[in-house]
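Enquirer: Here it is, the structure in full.
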There are 2 protein chains.
Amino acid sequence: MIYTDQLKPAFDLSTSLCSVAAKTAPRQSQVSNSTPATIEDVARIAEVSIATVSRAIHMPEKVANSTRLKVNQAIAITGYTTNAMARSLRLGRSNMILVVAPDIGDPNFSNILVGLENEARAHGYGILIGHTQNDAQRGLEYLKFFNSNQAAGLILFTGILPFGHQTMTARLPPSVGVFEPVFNGGIPYVGVDDTEGARKAVDLLLAEGHRKIAFIGDSRTRLAYTRRRMGYDAGLDAAGIPPDTRIVLEGDGTIESGRHAVEQLFMRDTLPTAFMCVNDQTAIGVMVGLGARGYDIPRDFSVTGFDDVPQAVFISPPLTTIRQPRTAIGKQAMALLLELLSDGRPTETEILLRPDLVVRNSVSAPSRNWSKR
Amino acid sequence: MIYTDQLKPAFDLSTSLCSVAAKTAPRQSQVSNSTPATIEDVARIAEVSIATVSRAIHMPEKVANSTRLKVNQAIAITGYTTNAMARSLRLGRSNMILVVAPDIGDPNFSNILVGLENEARAHGYGILIGHTQNDAQRGLEYLKFFNSNQAAGLILFTGILPFGHQTMTARLPPSVGVFEPVFNGGIPYVGVDDTEGARKAVDLLLAEGHRKIAFIGDSRTRLAYTRRRMGYDAGLDAAGIPPDTRIVLEGDGTIESGRHAVEQLFMRDTLPTAFMCVNDQTAIGVMVGLGARGYDIPRDFSVTGFDDVPQAVFISPPLTTIRQPRTAIGKQAMALLLELLSDGRPTETEILLRPDLVVRNSVSAPSRNWSKR
DNA sequence: GAGCCTTATGTAAACCTTTACATACATCGT
DNA sequence: ACGATGTATGTAAAGGTTTACATAAGGCTC
């Protein structure tokens, strides 16, 4: 007599199929209905030992075809799933990847998460998430996931300093960074070619005819920002335009800093015809500042951003910017980590994806009507 | 001789402090440097049994003050963290909560995640995330997290049908829904008072003097949408305005559906002065449609949304809408689930948070200039 | 047909906890 | 002074895997 239940098919041990059952110690309940099936249940039904069941699952080539068949049937009957806790305990490693970001509330985070999760799940891993809110103490808390064997690897986002400074010297779990090198390049990372991206932006502005292109940067020392600046410099250089430090400003990547940059430039004697911004937030701030002074974009000034945040398409005018291929970055980062977990050694120390120019409406040829200035 | 290492302080078992060590079976390595400390290491150093260590940690009141002190010192020395895998295995339940959403790439998801994570972590739980992309088969996959004891509870988002239809009858893990009842009310949920929110929107429009207010709904049968419609009806009724089905349209909650609704209305004989939309996406579509026809918002038409998505502030004009207190919803949902996990029975079957009206720039008094129409 | 190699399976230990039960000791009432 | 009661601690089993090692059987070579 076999009756099944959707979630976990029950199996009556008193049937003749289970002649082996009598030999082994009786389980708590004869009809193991409520508790999940264990490897032992499978072994009993398949009339093999638990070792064989384990092998049939994890090293199928090591068990005879006929036996494998019996085991698979027994698994189907019992609805057996291997207890991940027991497995992790025995193996000394879990099948979870911890993803730590400074702020999981950041909308930009979502799409990367998609890439990370898809790739992880495809390889039998799950993902655990945490956020530090830029609080090192808080990041430190997450270390316990590794000490307690709850996570096998770590995905770290740019800008976090998830563990205290001292700890940086200590051995970290297998980790991969996203966007930028973390801990001074101690771990491999997946990002975007910021230099190339910035170059695309500046080249677009140059192609439109702009010659006085301001760069609104971010003074916080992050490689991405430095590289975007390098792309800007290289673009101007290739066009034979000498650098003009009067129109290169450093902000902090916020909307407010973009607005502030506009105010500063208006106080100087040289105004640009275009603003190339280190990120979209800054670009939005620039647009707000320009709008407040009564200028129209792109008629009076052109503006470019970097990142392609979800809002970029909704602001007015829609922002021409450089897109971060977020889902792809997540996928790559997870793939790299998984490789690291199996091989032990990273094959690559840096993977840079190609960023695309997204042309919208914030760029046009420089205005010839200088009346307003 | 004691020398420490940042991550996991080493401890030389040969010191006099460890006189007990000799009595017990020797560990693999005398200086357990590479492998994390176990409860046994702590017990040895504290000169107590492992049972006492476990009790000192989990039932401190059950152990003598002096003993507790010794244990705590030993824990500090070894850097011991209890192995979550072993603990979960023994306890039969994990300290992870699975959060399943239809689309974790949705920017609205992020802030709820923040609330969920904060609350979970505060109670010693971690969160696992997954997404179904509205694929029931995919949702089914996540069931294995429970079968394999990797998750103790489940947070389900609106609109998912994470498990196959058959499975719905089966016993689900302890679960809490977000936004709406899931599985026909089978599990408690935390959401927002949609009726009240919609009422606030319609009352604002009425207060501005609008009398012909269109409602652009969502025909997909979701309680939230029905309730928002109820708020609309109730508001009109309270103002003594008879319902006019000619200006009530059903879309599907997308930008496109908002735009389409505008086209439909312009083909009828009765135009509204205001559009109350079931969600922000629809509202954005309506604004796009109206803009394409050359109308100005809010001069010619007023528009309201619902949800307060991150983009709402960036579109032009910034959208007046009803805010979902997302972080609070996440926090509440997790709190409810945690309660469920300890008590077994839910105290509440429905928790509705108060949504707030966010006044921006898409609403004004109805235009008296009807020339364009 | 003896010895040897290969292949398939079984036995049992180990991974690290938690906790029921047992034990030892101190305190108290009479 | 003794049994009863209570408190603090220890012993050992159990939870579900994986895998080193042992065993058994079959096929091969000479």
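Residues are referred to by chain and number: the chain letter is A, B, ... according to the order shown in the structure tokens, the number counts from 1 in that chain, and ligands are numbered separately from 1 in the order shown.
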Counting only C-alpha atoms (C1' of nucleotides), a student should be able to say which residues of chain A come within 10 Å of chain D; what is the right answer, written as an NGL selection string?

Expert: :A and (38-40 or 50-51 or 54-55 or 58 or 82-91)

Enquirer: Take the selection from the previous step and output its residues with C-alpha atoms, as a JSON list (two decimals), in the first residue's frame.

Expert:
```json
[["chain", "number", "residue", "atom", "x", "y", "z"],
["A", 38, "THR", "CA", 16.14, 10.88, 5.20],
["A", 39, "ILE", "CA", 18.76, 9.09, 3.25],
["A", 40, "GLU", "CA", 18.04, 6.12, 5.42],
["A", 50, "ILE", "CA", 23.02, 4.73, 2.82],
["A", 51, "ALA", "CA", 26.52, 5.01, 1.39],
["A", 54, "SER", "CA", 24.83, 9.06, -1.25],
["A", 55, "ARG", "CA", 27.05, 7.86, -4.04],
["A", 58, "HIS", "CA", 26.78, 12.63, -5.85],
["A", 82, "THR", "CA", 19.22, 15.90, 1.02],
["A", 83, "ASN", "CA", 19.32, 17.79, 4.26],
["A", 84, "ALA", "CA", 21.53, 20.73, 3.49],
["A", 85, "MET", "CA", 22.39, 21.27, 7.13],
["A", 86, "ALA", "CA", 23.74, 17.80, 7.61],
["A", 87, "ARG", "CA", 25.55, 17.97, 4.34],
["A", 88, "SER", "CA", 27.16, 21.29, 5.10],
["A", 89, "LEU", "CA", 28.11, 20.13, 8.54],
["A", 90, "ARG", "CA", 29.78, 17.06, 7.18],
["A", 91, "LEU", "CA", 31.43, 18.83, 4.28]]
```

Enquirer: Where in stretch 104-320 of chain B does DSSP assign strand (DSSP E), given as a PDB file with N, CA and C atoms, in the first residue's frame?

Expert:
```
ATOM      1  N   GLY B 126      18.970  35.304   9.325  1.00  0.00           N
ATOM      2  CA  GLY B 126      19.522  35.818   8.086  1.00  0.00           C
ATOM      3  C   GLY B 126      18.466  35.699   7.016  1.00  0.00           C
ATOM      4  N   ILE B 127      18.633  36.391   5.913  1.00  0.00           N
ATOM      5  CA  ILE B 127      17.645  36.212   4.867  1.00  0.00           C
ATOM      6  C   ILE B 127      18.237  35.738   3.554  1.00  0.00           C
ATOM      7  N   LEU B 128      17.491  34.851   2.981  1.00  0.00           N
ATOM      8  CA  LEU B 128      17.802  34.155   1.751  1.00  0.00           C
ATOM      9  C   LEU B 128      16.865  34.707   0.708  1.00  0.00           C
ATOM     10  N   ILE B 129      17.361  34.993  -0.494  1.00  0.00           N
ATOM     11  CA  ILE B 129      16.384  35.522  -1.415  1.00  0.00           C
ATOM     12  C   ILE B 129      16.261  34.708  -2.691  1.00  0.00           C
ATOM     13  N   GLY B 130      15.106  34.773  -3.250  1.00  0.00           N
ATOM     14  CA  GLY B 130      14.846  34.054  -4.485  1.00  0.00           C
ATOM     15  C   GLY B 130      13.778  34.766  -5.269  1.00  0.00           C
ATOM     16  N   HIS B 131      13.727  34.509  -6.554  1.00  0.00           N
ATOM     17  CA  HIS B 131      12.652  35.123  -7.324  1.00  0.00           C
ATOM     18  C   HIS B 131      12.092  34.142  -8.329  1.00  0.00           C
ATOM     19  N   GLY B 153      11.334  29.895   7.591  1.00  0.00           N
ATOM     20  CA  GLY B 153      10.090  30.588   7.277  1.00  0.00           C
ATOM     21  C   GLY B 153      10.150  31.210   5.904  1.00  0.00           C
ATOM     22  N   LEU B 154       9.017  31.730   5.489  1.00  0.00           N
ATOM     23  CA  LEU B 154       8.895  32.221   4.119  1.00  0.00           C
ATOM     24  C   LEU B 154       8.186  33.570   4.087  1.00  0.00           C
ATOM     25  N   ILE B 155       8.770  34.490   3.351  1.00  0.00           N
ATOM     26  CA  ILE B 155       8.087  35.753   3.078  1.00  0.00           C
ATOM     27  C   ILE B 155       7.706  35.743   1.602  1.00  0.00           C
ATOM     28  N   LEU B 156       6.418  35.908   1.361  1.00  0.00           N
ATOM     29  CA  LEU B 156       5.902  35.805   0.001  1.00  0.00           C
ATOM     30  C   LEU B 156       5.406  37.144  -0.484  1.00  0.00           C
ATOM     31  N   PHE B 157       5.775  37.495  -1.683  1.00  0.00           N
ATOM     32  CA  PHE B 157       5.284  38.748  -2.222  1.00  0.00           C
ATOM     33  C   PHE B 157       4.052  38.536  -3.085  1.00  0.00           C
ATOM     34  N   SER B 175       4.609  31.106   6.964  1.00  0.00           N
ATOM     35  CA  SER B 175       4.740  32.115   5.931  1.00  0.00           C
ATOM     36  C   SER B 175       4.004  33.396   6.262  1.00  0.00           C
ATOM     37  N   VAL B 176       4.484  34.472   5.687  1.00  0.00           N
ATOM     38  CA  VAL B 176       3.808  35.756   5.789  1.00  0.00           C
ATOM     39  C   VAL B 176       3.840  36.397   4.406  1.00  0.00           C
ATOM     40  N   GLY B 177       2.716  36.954   4.021  1.00  0.00           N
ATOM     41  CA  GLY B 177       2.646  37.618   2.730  1.00  0.00           C
ATOM     42  C   GLY B 177       2.956  39.099   2.851  1.00  0.00           C
ATOM     43  N   VAL B 178       3.365  39.679   1.751  1.00  0.00           N
ATOM     44  CA  VAL B 178       3.605  41.110   1.725  1.00  0.00           C
ATOM     45  C   VAL B 178       2.671  41.736   0.700  1.00  0.00           C
ATOM     46  N   TYR B 189      -0.801  38.376   6.332  1.00  0.00           N
ATOM     47  CA  TYR B 189       0.000  39.259   5.496  1.00  0.00           C
ATOM     48  C   TYR B 189       0.072  40.668   6.062  1.00  0.00           C
ATOM     49  N   VAL B 190       1.041  41.400   5.557  1.00  0.00           N
ATOM     50  CA  VAL B 190       1.229  42.786   5.950  1.00  0.00           C
ATOM     51  C   VAL B 190       1.139  43.634   4.694  1.00  0.00           C
ATOM     52  N   GLY B 191       0.299  44.621   4.736  1.00  0.00           N
ATOM     53  CA  GLY B 191       0.161  45.467   3.561  1.00  0.00           C
ATOM     54  C   GLY B 191      -0.160  46.880   3.970  1.00  0.00           C
ATOM     55  N   VAL B 192      -0.776  47.570   3.058  1.00  0.00           N
ATOM     56  CA  VAL B 192      -1.092  48.943   3.291  1.00  0.00           C
ATOM     57  C   VAL B 192      -2.610  49.058   3.142  1.00  0.00           C
ATOM     58  N   ILE B 213     -13.696  62.764 -12.252  1.00  0.00           N
ATOM     59  CA  ILE B 213     -12.407  62.118 -11.975  1.00  0.00           C
ATOM     60  C   ILE B 213     -12.401  60.719 -12.567  1.00  0.00           C
ATOM     61  N   ALA B 214     -11.508  60.512 -13.526  1.00  0.00           N
ATOM     62  CA  ALA B 214     -11.403  59.177 -14.119  1.00  0.00           C
ATOM     63  C   ALA B 214     -10.648  58.246 -13.187  1.00  0.00           C
ATOM     64  N   PHE B 215     -10.958  56.968 -13.259  1.00  0.00           N
ATOM     65  CA  PHE B 215     -10.186  55.977 -12.515  1.00  0.00           C
ATOM     66  C   PHE B 215      -9.602  54.989 -13.507  1.00  0.00           C
ATOM     67  N   ILE B 216      -8.278  54.921 -13.553  1.00  0.00           N
ATOM     68  CA  ILE B 216      -7.632  53.966 -14.447  1.00  0.00           C
ATOM     69  C   ILE B 216      -7.164  52.803 -13.593  1.00  0.00           C
ATOM     70  N   GLY B 217      -7.874  51.699 -13.692  1.00  0.00           N
ATOM     71  CA  GLY B 217      -7.617  50.572 -12.798  1.00  0.00           C
ATOM     72  C   GLY B 217      -6.737  49.505 -13.417  1.00  0.00           C
ATOM     73  N   ASP B 218      -6.740  48.372 -12.756  1.00  0.00           N
ATOM     74  CA  ASP B 218      -5.943  47.245 -13.212  1.00  0.00           C
ATOM     75  C   ASP B 218      -6.862  46.041 -13.160  1.00  0.00           C
ATOM     76  N   VAL B 248     -14.360  55.230 -16.072  1.00  0.00           N
ATOM     77  CA  VAL B 248     -13.648  54.219 -15.279  1.00  0.00           C
ATOM     78  C   VAL B 248     -13.133  53.165 -16.238  1.00  0.00           C
ATOM     79  N   LEU B 249     -11.812  53.044 -16.323  1.00  0.00           N
ATOM     80  CA  LEU B 249     -11.220  52.118 -17.284  1.00  0.00           C
ATOM     81  C   LEU B 249     -10.344  51.094 -16.586  1.00  0.00           C
ATOM     82  N   GLU B 250     -10.206  49.950 -17.209  1.00  0.00           N
ATOM     83  CA  GLU B 250      -9.352  48.915 -16.632  1.00  0.00           C
ATOM     84  C   GLU B 250      -8.139  48.690 -17.513  1.00  0.00           C
ATOM     85  N   GLY B 251      -6.963  48.832 -16.937  1.00  0.00           N
ATOM     86  CA  GLY B 251      -5.753  48.546 -17.696  1.00  0.00           C
ATOM     87  C   GLY B 251      -5.066  47.342 -17.091  1.00  0.00           C
ATOM     88  N   ALA B 274      -9.549  65.052 -14.152  1.00  0.00           N
ATOM     89  CA  ALA B 274      -8.449  64.469 -13.389  1.00  0.00           C
ATOM     90  C   ALA B 274      -8.401  62.969 -13.617  1.00  0.00           C
ATOM     91  N   PHE B 275      -7.185  62.412 -13.517  1.00  0.00           N
ATOM     92  CA  PHE B 275      -6.990  60.965 -13.657  1.00  0.00           C
ATOM     93  C   PHE B 275      -6.456  60.419 -12.344  1.00  0.00           C
ATOM     94  N   MET B 276      -7.243  59.555 -11.738  1.00  0.00           N
ATOM     95  CA  MET B 276      -6.740  58.878 -10.548  1.00  0.00           C
ATOM     96  C   MET B 276      -6.303  57.493 -11.007  1.00  0.00           C
ATOM     97  N   CYS B 277      -5.029  57.185 -10.809  1.00  0.00           N
ATOM     98  CA  CYS B 277      -4.501  55.943 -11.363  1.00  0.00           C
ATOM     99  C   CYS B 277      -4.222  54.914 -10.279  1.00  0.00           C
ATOM    100  N   SER B 302      -5.248  66.963 -13.975  1.00  0.00           N
ATOM    101  CA  SER B 302      -4.528  66.527 -12.786  1.00  0.00           C
ATOM    102  C   SER B 302      -4.367  65.011 -12.829  1.00  0.00           C
ATOM    103  N   VAL B 303      -3.270  64.518 -12.250  1.00  0.00           N
ATOM    104  CA  VAL B 303      -3.011  63.079 -12.250  1.00  0.00           C
ATOM    105  C   VAL B 303      -2.509  62.656 -10.874  1.00  0.00           C
ATOM    106  N   THR B 304      -3.037  61.543 -10.369  1.00  0.00           N
ATOM    107  CA  THR B 304      -2.467  60.979  -9.141  1.00  0.00           C
ATOM    108  C   THR B 304      -2.087  59.523  -9.384  1.00  0.00           C
TER     109      THR B 304
END
```

Enquirer: Determine, counting only C-alpha atoms (C1' of nucleotides), which protein, DNA and RNA residues have an atom within 10 Å of an atom of stretch 312-324 of chain B; residues of the same chain fewer than 6 positions away are not included. Present the result as a PyMOL selection string.

Expert: (chain A and resi 284+311-318) or (chain B and resi 108+112+179+191-194+196-201+204+276-277+279-281+283-284+287-288+296-298+302-306+353-363)

Enquirer: Tell me the residues of chain C close to chain A, meaning within 7 Å using only C-alpha atoms (C1' of nucleotides), as a list of chain:residue names.

Expert: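 So the contacting residues turn out to be C:DA8, C:DT9, C:DG10, C:DC15.
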
Enquirer: With DSSP run on the backbone, what are the alpha helix (DSSP H) residues within stretch 125-241 of chain A? I'd like them as an MDAnalysis selection string.

Expert: chainID A and resid 136:142 144:147 194:207 223:238

Enquirer: Can you tell me how far atom CA of A:Tyr80 sits from atom CA of B:Glu141, in Å to one decimal?

Expert: 13.6 Å

Enquirer: Quote the spacing between atom CA of A:Ile247 and atom CA of A:Val309 in Å to one decimal place.

Expert: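 Calculated distance between atom CA of A:Ile247 and atom CA of A:Val309 is 25.0 Å.
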
Enquirer: Nearest to chain A: which of B:Val71, B:Val53, B:Ala101, B:Val182 is it, counting only C-alpha atoms?

Expert: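 For chain A, the nearest of the given residues is B:Ala101.
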
Enquirer: Considering only C-alpha atoms, can you say which of B:Pro188, B:Gly294, B:Pro310, B:Pro173 comes closest to chain A?

Expert: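 With only C-alpha atoms as the atom set, the closest residue is B:Pro310.
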
Enquirer: Take atom CA of A:Asp237 and atom CA of A:Arg211 and report the distance between them in Å, one decimal.

Expert: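 Interatomic distance here is 11.4 Å.
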